[in-house]
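Have a look at start.pdb below; it lists PDB, C-alpha atoms.
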ATOM      1  CA  MET A 940       0.000   0.000   0.000
ATOM      2  CA  ARG A 941       1.342   3.452  -0.845
ATOM      3  CA  THR A 942      -0.076   6.639   0.612
ATOM      4  CA  THR A 943       0.518  10.219  -0.453
ATOM      5  CA  ARG A 944       2.665  12.218   1.895
ATOM      6  CA  THR A 945       0.589  14.981   3.492
ATOM      7  CA  LYS A 946       1.720  18.559   3.844
ATOM      8  CA  ALA A 947       1.396  18.285   7.622
ATOM      9  CA  GLY A 948       3.568  15.162   7.742
ATOM     10  CA  TRP A 949       6.260  16.791   5.645
ATOM     11  CA  LEU A 950       6.205  19.922   7.770
ATOM     12  CA  VAL A 951       6.551  18.043  11.054
ATOM     13  CA  THR A 952       9.610  16.189   9.779
ATOM     14  CA  ALA A 953      11.118  19.238   8.092
ATOM     15  CA  VAL A 954      10.730  21.319  11.251
ATOM     16  CA  ALA A 955      12.332  18.500  13.272
ATOM     17  CA  GLY A 956      15.230  18.461  10.831
ATOM     18  CA  ALA A 957      15.593  22.227  11.061
ATOM     19  CA  ALA A 958      15.559  22.101  14.867
ATOM     20  CA  LEU A 959      18.157  19.323  14.979
ATOM     21  CA  SER A 960      20.448  21.114  12.542
ATOM     22  CA  ALA A 961      20.228  24.569  14.154
ATOM     23  CA  GLY A 962      23.678  26.078  14.146
ATOM     24  CA  CYS A 963      25.152  23.168  12.173
ATOM     25  CA  GLY A 964      24.820  24.195   8.542
ATOM     26  CA  GLY A 965      25.551  27.879   8.223
ATOM     27  CA  THR A 966      28.990  27.232   6.755
ATOM     28  CA  ALA A 967      28.258  24.002   4.896
ATOM     29  CA  SER A 968      30.875  23.198   2.271
ATOM     30  CA  SER A 969      28.068  22.346  -0.159
ATOM     31  CA  SER A 970      27.691  26.079  -0.758
ATOM     32  CA  PRO A 971      29.169  26.974  -4.173
ATOM     33  CA  THR A 972      31.010  29.984  -2.685
ATOM     34  CA  ALA A 973      32.512  27.960   0.158
ATOM     35  CA  ALA A 974      33.444  25.133  -2.195
ATOM     36  CA  SER A 975      35.252  27.468  -4.613
ATOM     37  CA  SER A 976      37.214  29.197  -1.855
ATOM     38  CA  ALA A 977      38.406  26.002  -0.140
ATOM     39  CA  THR A 978      41.425  24.248  -1.542
ATOM     40  CA  ALA A 979      40.967  20.608  -2.579
ATOM     41  CA  SER A 980      37.383  20.625  -1.283
ATOM     42  CA  PRO A 981      35.138  17.722  -2.238
ATOM     43  CA  ALA A 982      32.606  18.070  -5.032
ATOM     44  CA  PRO A 983      29.313  19.651  -3.896
ATOM     45  CA  PHE A 984      26.815  17.148  -2.537
ATOM     46  CA  GLY A 985      23.360  18.116  -3.780
ATOM     47  CA  GLN A 986      19.737  17.046  -3.940
ATOM     48  CA  GLN A 987      20.263  14.506  -6.750
ATOM     49  CA  ASP A 988      23.187  12.950  -4.847
ATOM     50  CA  VAL A 989      20.926  12.542  -1.801
ATOM     51  CA  GLN A 990      18.264  10.932  -4.003
ATOM     52  CA  ALA A 991      20.850   8.528  -5.460
ATOM     53  CA  ASP A 992      21.980   7.514  -1.945
ATOM     54  CA  LEU A 993      18.384   6.885  -0.821
ATOM     55  CA  GLU A 994      17.515   4.826  -3.884
ATOM     56  CA  ALA A 995      20.721   2.760  -3.694
ATOM     57  CA  ALA A 996      20.200   2.077   0.026
ATOM     58  CA  ALA A 997      16.550   1.105  -0.552
ATOM     59  CA  ALA A 998      17.417  -1.251  -3.420
ATOM     60  CA  ALA A 999      20.171  -2.920  -1.363
ATOM     61  CA  ALA A1000      17.700  -3.355   1.532
ATOM     62  CA  GLY A1001      15.200  -5.066  -0.776
ATOM     63  CA  VAL A1002      12.649  -2.240  -0.866
ATOM     64  CA  PRO A1003      13.040  -0.769  -4.370
ATOM     65  CA  GLU A1004       9.296  -0.136  -4.554
ATOM     66  CA  GLY A1005       9.613   2.726  -2.080
ATOM     67  CA  LEU A1006       8.702   6.213  -3.308
ATOM     68  CA  THR A1007      11.499   8.789  -3.572
ATOM     69  CA  GLU A1008      10.570  12.435  -4.154
ATOM     70  CA  LEU A1009      12.606  15.560  -4.725
ATOM     71  CA  GLY A1010      11.163  18.575  -2.968
ATOM     72  CA  SER A1011       7.625  18.760  -1.686
ATOM     73  CA  ASP A1012       4.109  19.492  -2.898
ATOM     74  CA  PRO A1013       3.548  23.249  -2.575
ATOM     75  CA  SER A1014      -0.168  23.137  -3.419
ATOM     76  CA  PRO A1015      -2.199  24.942  -0.743
ATOM     77  CA  GLU A1016      -5.019  23.319   1.189
ATOM     78  CA  SER A1017      -8.240  24.863   2.391
ATOM     79  CA  GLY A1018      -7.968  27.297   5.291
ATOM     80  CA  GLU A1019      -6.885  30.875   5.749
ATOM     81  CA  ALA A1020      -6.137  31.950   2.175
ATOM     82  CA  GLU A1021      -3.274  34.374   2.945
ATOM     83  CA  LYS A1022      -1.577  32.031   5.399
ATOM     84  CA  GLU A1023      -1.941  29.080   3.011
ATOM     85  CA  ARG A1024      -0.518  31.165   0.160
ATOM     86  CA  LYS A1025       2.537  32.114   2.247
ATOM     87  CA  LEU A1026       3.008  28.510   3.357
ATOM     88  CA  ALA A1027       2.768  27.224  -0.225
ATOM     89  CA  ALA A1028       5.351  29.809  -1.343
ATOM     90  CA  LEU A1029       7.689  28.825   1.504
ATOM     91  CA  ILE A1030       7.370  25.114   0.726
ATOM     92  CA  ALA A1031       8.067  25.832  -2.948
ATOM     93  CA  ARG A1032      11.172  27.822  -1.970
ATOM     94  CA  LEU A1033      12.417  24.997   0.271
ATOM     95  CA  SER A1034      11.670  22.344  -2.350
ATOM     96  CA  PRO A1035      15.243  22.252  -3.771
ATOM     97  CA  CYS A1036      16.455  21.611  -0.205
ATOM     98  CA  THR A1037      14.458  18.447   0.536
ATOM     99  CA  VAL A1038      14.317  14.819  -0.546
ATOM    100  CA  SER A1039      12.015  12.171   0.881
ATOM    101  CA  TRP A1040      11.651   8.407   0.693
ATOM    102  CA  THR A1041       8.535   6.487   1.791
ATOM    103  CA  HIS A1042       7.777   2.785   2.007
ATOM    104  CA  ASP A1043       4.303   1.634   3.126
ATOM    105  CA  ARG A1044       3.294  -1.921   3.850
ATOM    106  CA  ALA A1045      -0.163  -3.264   4.647
ATOM    107  CA  ASP A1046       0.201  -6.438   6.674
ATOM    108  CA  SER A1047      -2.814  -7.815   8.472
ATOM    109  CA  ALA A1048      -0.643 -10.543  10.009
ATOM    110  CA  SER A1049       1.588  -8.037  11.828
ATOM    111  CA  SER A1050       1.330  -7.745  15.546
ATOM    112  CA  THR A1051       3.408  -6.356  18.375
ATOM    113  CA  SER A1052       4.292  -9.948  19.368
ATOM    114  CA  LYS A1053       5.804 -10.794  15.947
ATOM    115  CA  PRO A1054       8.864  -9.236  14.311
ATOM    116  CA  ASP A1055       8.037  -6.505  11.811
ATOM    117  CA  PRO A1056       9.794  -7.338   8.510
ATOM    118  CA  SER A1057       9.542  -3.748   7.263
ATOM    119  CA  ARG A1058      11.293  -2.534  10.444
ATOM    120  CA  LYS A1059      14.177  -4.916   9.677
ATOM    121  CA  GLN A1060      14.249  -3.542   6.132
ATOM    122  CA  LEU A1061      14.569  -0.022   7.547
ATOM    123  CA  ASP A1062      17.552  -1.161   9.635
ATOM    124  CA  LEU A1063      19.138  -2.529   6.439
ATOM    125  CA  PHE A1064      18.289   0.710   4.617
ATOM    126  CA  LEU A1065      20.026   2.740   7.354
ATOM    127  CA  SER A1066      23.060   0.397   7.337
ATOM    128  CA  ASN A1067      23.325   0.881   3.590
ATOM    129  CA  LEU A1068      23.149   4.659   4.030
ATOM    130  CA  ALA A1069      26.002   4.411   6.557
ATOM    131  CA  ALA A1070      27.995   2.596   3.866
ATOM    132  CA  HIS A1071      27.371   5.650   1.631
ATOM    133  CA  GLY A1072      28.865   8.018   4.230
ATOM    134  CA  TRP A1073      25.786   8.945   6.278
ATOM    135  CA  ARG A1074      26.685   9.155   9.983
ATOM    136  CA  LYS A1075      24.272   8.627  12.853
ATOM    137  CA  SER A1076      23.615  11.764  14.896
ATOM    138  CA  GLY A1077      22.468  11.199  18.472
ATOM    139  CA  THR A1078      20.706   8.128  19.775
ATOM    140  CA  ALA A1079      17.957   6.324  17.882
ATOM    141  CA  LYS A1080      14.695   6.005  19.837
ATOM    142  CA  GLU A1081      11.879   3.499  19.688
ATOM    143  CA  VAL A1082       8.766   4.207  21.752
ATOM    144  CA  PRO A1083       5.471   2.342  22.162
ATOM    145  CA  VAL A1084       2.291   3.757  20.616
ATOM    146  CA  GLY A1085      -0.190   2.640  23.259
ATOM    147  CA  ASP A1086      -0.841  -1.066  22.807
ATOM    148  CA  ARG A1087      -1.050  -0.737  18.996
ATOM    149  CA  GLY A1088       2.608  -0.696  17.978
ATOM    150  CA  THR A1089       5.846   1.303  18.093
ATOM    151  CA  TYR A1090       7.380   4.455  16.651
ATOM    152  CA  PHE A1091      11.098   4.539  15.741
ATOM    153  CA  MET A1092      13.197   7.678  15.108
ATOM    154  CA  ALA A1093      16.827   8.124  14.017
ATOM    155  CA  THR A1094      18.868  10.991  12.578
ATOM    156  CA  TYR A1095      21.823  10.828  10.176
ATOM    157  CA  ARG A1096      24.009  13.526   8.595
ATOM    158  CA  LYS A1097      26.144  13.868   5.488
ATOM    159  CA  GLN A1098      27.853  16.888   3.934
ATOM    160  CA  GLY A1099      25.425  19.561   5.107
ATOM    161  CA  TRP A1100      22.247  17.434   4.908
ATOM    162  CA  THR A1101      20.219  15.986   7.794
ATOM    163  CA  LEU A1102      18.197  12.784   7.360
ATOM    164  CA  ASN A1103      15.340  12.010   9.742
ATOM    165  CA  ALA A1104      14.274   8.361   9.534
ATOM    166  CA  ARG A1105      10.947   7.284  11.014
ATOM    167  CA  HIS A1106       9.104   3.979  11.229
ATOM    168  CA  SER A1107       5.577   3.335  12.509
ATOM    169  CA  THR A1108       4.611  -0.242  13.314
ATOM    170  CA  LEU A1109       0.866  -0.650  13.809
ATOM    171  CA  SER A1110      -1.356  -3.725  13.886
ATOM    172  CA  THR A1111      -2.306  -3.681  10.196
ATOM    173  CA  TRP A1112      -0.034  -1.097   8.573
ATOM    174  CA  ASN A1113       3.621  -0.115   8.704
ATOM    175  CA  GLN A1114       5.414   2.863   7.209
ATOM    176  CA  SER A1115       9.086   3.769   6.893
ATOM    177  CA  THR A1116      10.104   7.279   5.868
ATOM    178  CA  ALA A1117      13.298   9.257   5.439
ATOM    179  CA  THR A1118      13.057  13.024   5.047
ATOM    180  CA  VAL A1119      16.307  14.772   4.181
ATOM    181  CA  THR A1120      16.784  18.526   4.491
ATOM    182  CA  GLU A1121      19.710  20.761   3.561
ATOM    183  CA  ASP A1122      20.921  22.440   6.743
ATOM    184  CA  ALA A1123      21.929  25.727   5.105
ATOM    185  CA  CYS A1124      18.437  26.253   3.643
ATOM    186  CA  PHE A1125      16.701  25.765   6.962
ATOM    187  CA  ASP A1126      19.287  27.825   8.850
ATOM    188  CA  ARG A1127      18.223  30.808   6.702
ATOM    189  CA  LEU A1128      14.560  30.646   7.795
ATOM    190  CA  THR A1129      13.315  33.777   9.507
ATOM    191  CA  ASP A1130      11.472  33.500  12.825
ATOM    192  CA  GLU A1131       8.230  34.251  10.974
ATOM    193  CA  GLU A1132       8.852  31.450   8.455
ATOM    194  CA  ALA A1133       9.767  28.966  11.187
ATOM    195  CA  ALA A1134       6.573  29.866  13.033
ATOM    196  CA  LEU A1135       4.563  29.408   9.822
ATOM    197  CA  LEU A1136       5.930  25.874   9.460
ATOM    198  CA  GLN A1137       5.164  25.055  13.081
ATOM    199  CA  ASP A1138       1.506  26.211  12.993
TER     200      ASP A1138
END
Could you quickly redo this structure as structure tokens?
Amino acid sequence: MRTTRTKAGWLVTAVAGAALSAGCGGTASSSPTAASSATASPAPFGQQDVQADLEAAAAAAGVPEGLTELGSDPSPESGEAEKERKLAALIARLSPCTVSWTHDRADSASSTSKPDPSRKQLDLFLSNLAAHGWRKSGTAKEVPVGDRGTYFMATYRKQGWTLNARHSTLSTWNQSTATVTEDACFDRLTDEEAALLQD
């Protein structure tokens, strides 16, 4: 089963990525100016490179049917017209700074007492990302969701990008996601823009 990523879901993850990377991307070497001024600096690592890493890690983990997207859907939803217009414009501006990967699985046989195969696939996916130079940042967390399942969270970093991996294990449906944001883009958000994303 594949579901469409909602604007709210993207925003929650993007804001989390921005909060985790605060103060960590202002001088990222992926900036063209910084790269040209540094001697023997590595080639810039951009959005398409992130996408290639995600797709290679997913294929190696046995989940090539996952959905990888560059950017995000800026189309506004119903609500306050002016606020929605500003939010859509902000999401469109941040679109070159984000990449996401989603893998959904409907499994009526899943239960909290049985191992979740899609959770193991996410572990393989993350191991494969580590092989591509992504480094774990902080401690991964797995918390129960009542008596219905668990929620897993982990953060990785590579060359000025922050990857937030999430996995929800519920009784009949599981989802793994990775949302990657460029630190420098989110470091440039004004207080007003950050507040708009958090609303």
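The coordinates place atom CA of A:Ala1031 at 24.2 Å from atom CA of A:Tyr1095.
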Legend entry - Best match for closeness to A:Val1084 among A:Thr1041, A:Asp1138, A:Val1002, A:Thr1108, counting only C-alpha atoms: A:Thr1108
Inset, instruction - Would you work out the distance separating atom CA of A:Phe1091 from atom CA of A:Arg1105, expressed in Å to one decimal? - result: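 Spanning atom CA of A:Phe1091 to atom CA of A:Arg1105 is a straight-line distance of 5.5 Å.
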Inset, instruction - Return as a ChimeraX atom specification the set of residues that the PyMOL selection byres ((chain A and resi 1135) around 10) yields on the displayed structure. - result: /A:950,1022-1023,1025-1026,1029,1129-1134,1136-1138
Legend entry - Å distance separating atom CA of A:Thr1116 from atom CA of A:Pro1056, one decimal place: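 Computing the Euclidean distance for atom CA of A:Thr1116 and atom CA of A:Pro1056 yields 14.9 Å.
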Legend entry - Proximity to A:Arg1044 - best of A:Thr1094, A:Ala1117, A:His1106, A:Asp1126, all atoms listed in the file: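 Closest candidate: A:His1106.
Run against this file, the PyMOL selection byres ((chain A and resi 1061) around 9) gives back Ala997, Ala1000, Val1002, Pro1056, Ser1057, Arg1058, Lys1059, Gln1060, Asp1062, Leu1063, Phe1064, Leu1065, Ser1066, Ala1104, Arg1105, His1106, Ser1115 and Thr1116 of chain A.
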Once the PyMOL selection byres ((chain A and resi 1032-1035) around 10) has been applied to the shown file, what residues remain in the selection, as a PDB file with C-alpha atoms, in the frame of the given file?
ATOM      1  CA  ALA A 953      11.118  19.238   8.092  1.00  0.00           C
ATOM      2  CA  GLY A 985      23.360  18.116  -3.780  1.00  0.00           C
ATOM      3  CA  GLN A 986      19.737  17.046  -3.940  1.00  0.00           C
ATOM      4  CA  GLN A 987      20.263  14.506  -6.750  1.00  0.00           C
ATOM      5  CA  LEU A1009      12.606  15.560  -4.725  1.00  0.00           C
ATOM      6  CA  GLY A1010      11.163  18.575  -2.968  1.00  0.00           C
ATOM      7  CA  SER A1011       7.625  18.760  -1.686  1.00  0.00           C
ATOM      8  CA  ASP A1012       4.109  19.492  -2.898  1.00  0.00           C
ATOM      9  CA  PRO A1013       3.548  23.249  -2.575  1.00  0.00           C
ATOM     10  CA  LEU A1026       3.008  28.510   3.357  1.00  0.00           C
ATOM     11  CA  ALA A1027       2.768  27.224  -0.225  1.00  0.00           C
ATOM     12  CA  ALA A1028       5.351  29.809  -1.343  1.00  0.00           C
ATOM     13  CA  LEU A1029       7.689  28.825   1.504  1.00  0.00           C
ATOM     14  CA  ILE A1030       7.370  25.114   0.726  1.00  0.00           C
ATOM     15  CA  ALA A1031       8.067  25.832  -2.948  1.00  0.00           C
ATOM     16  CA  CYS A1036      16.455  21.611  -0.205  1.00  0.00           C
ATOM     17  CA  THR A1037      14.458  18.447   0.536  1.00  0.00           C
ATOM     18  CA  VAL A1038      14.317  14.819  -0.546  1.00  0.00           C
ATOM     19  CA  THR A1120      16.784  18.526   4.491  1.00  0.00           C
ATOM     20  CA  GLU A1121      19.710  20.761   3.561  1.00  0.00           C
ATOM     21  CA  CYS A1124      18.437  26.253   3.643  1.00  0.00           C
ATOM     22  CA  PHE A1125      16.701  25.765   6.962  1.00  0.00           C
ATOM     23  CA  LEU A1128      14.560  30.646   7.795  1.00  0.00           C
TER      24      LEU A1128
END
Inset, instruction - May I ask which of the residues A:Arg1024, A:Lys1080, A:His1071, A:Arg1127 is the closest one to A:Ala991, counting only C-alpha atoms? - result: A:His1071
So that I can check the surroundings of A:Trp1040, please list as an mmCIF file with C-alpha atoms, in the frame of the given file every protein, DNA and RNA residue that reaches within 7 Å of it, counting all atoms listed in the file and ignoring chain neighbours fewer than 4 positions away.
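Below is the file result-v3.cif, written as the result:
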data_model
loop_
_atom_site.group_PDB
_atom_site.id
_atom_site.type_symbol
_atom_site.label_atom_id
_atom_site.label_comp_id
_atom_site.auth_asym_id
_atom_site.auth_seq_id
_atom_site.Cartn_x
_atom_site.Cartn_y
_atom_site.Cartn_z
ATOM 1 C CA GLY A 1005 9.613 2.726 -2.080
ATOM 2 C CA LEU A 1006 8.702 6.213 -3.308
ATOM 3 C CA THR A 1007 11.499 8.789 -3.572
ATOM 4 C CA GLU A 1008 10.570 12.435 -4.154
ATOM 5 C CA THR A 1116 10.104 7.279 5.868
ATOM 6 C CA ALA A 1117 13.298 9.257 5.439
ATOM 7 C CA THR A 1118 13.057 13.024 5.047
#
Adding 5 Å on each side of the box along x, y and z that holds all listed atoms of stretch 991-1004 of chain A, could you give its centre and edge lengths in Å to one decimal, as lines of an AutoDock Vina configuration file?
center_x = 15.6
center_y = 1.7
center_z = -2.0
size_x = 22.7
size_y = 23.6
size_z = 17.0
Legend entry - Closest of A:Thr1101, A:Gln1114, A:Ser1107, A:Asn1067 to A:Glu1081 - atom-to-atom distances counting all atoms listed in the file: A:Ser1107
Inset, instruction - Point out the residue among A:Asp992, A:Asp1122, A:Glu1021, A:Asp1043 with the least atom-to-atom distance to A:Trp1100, counting all atoms listed in the file. - result: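 The shortest atom-to-atom distance to A:Trp1100 comes from A:Asp1122.
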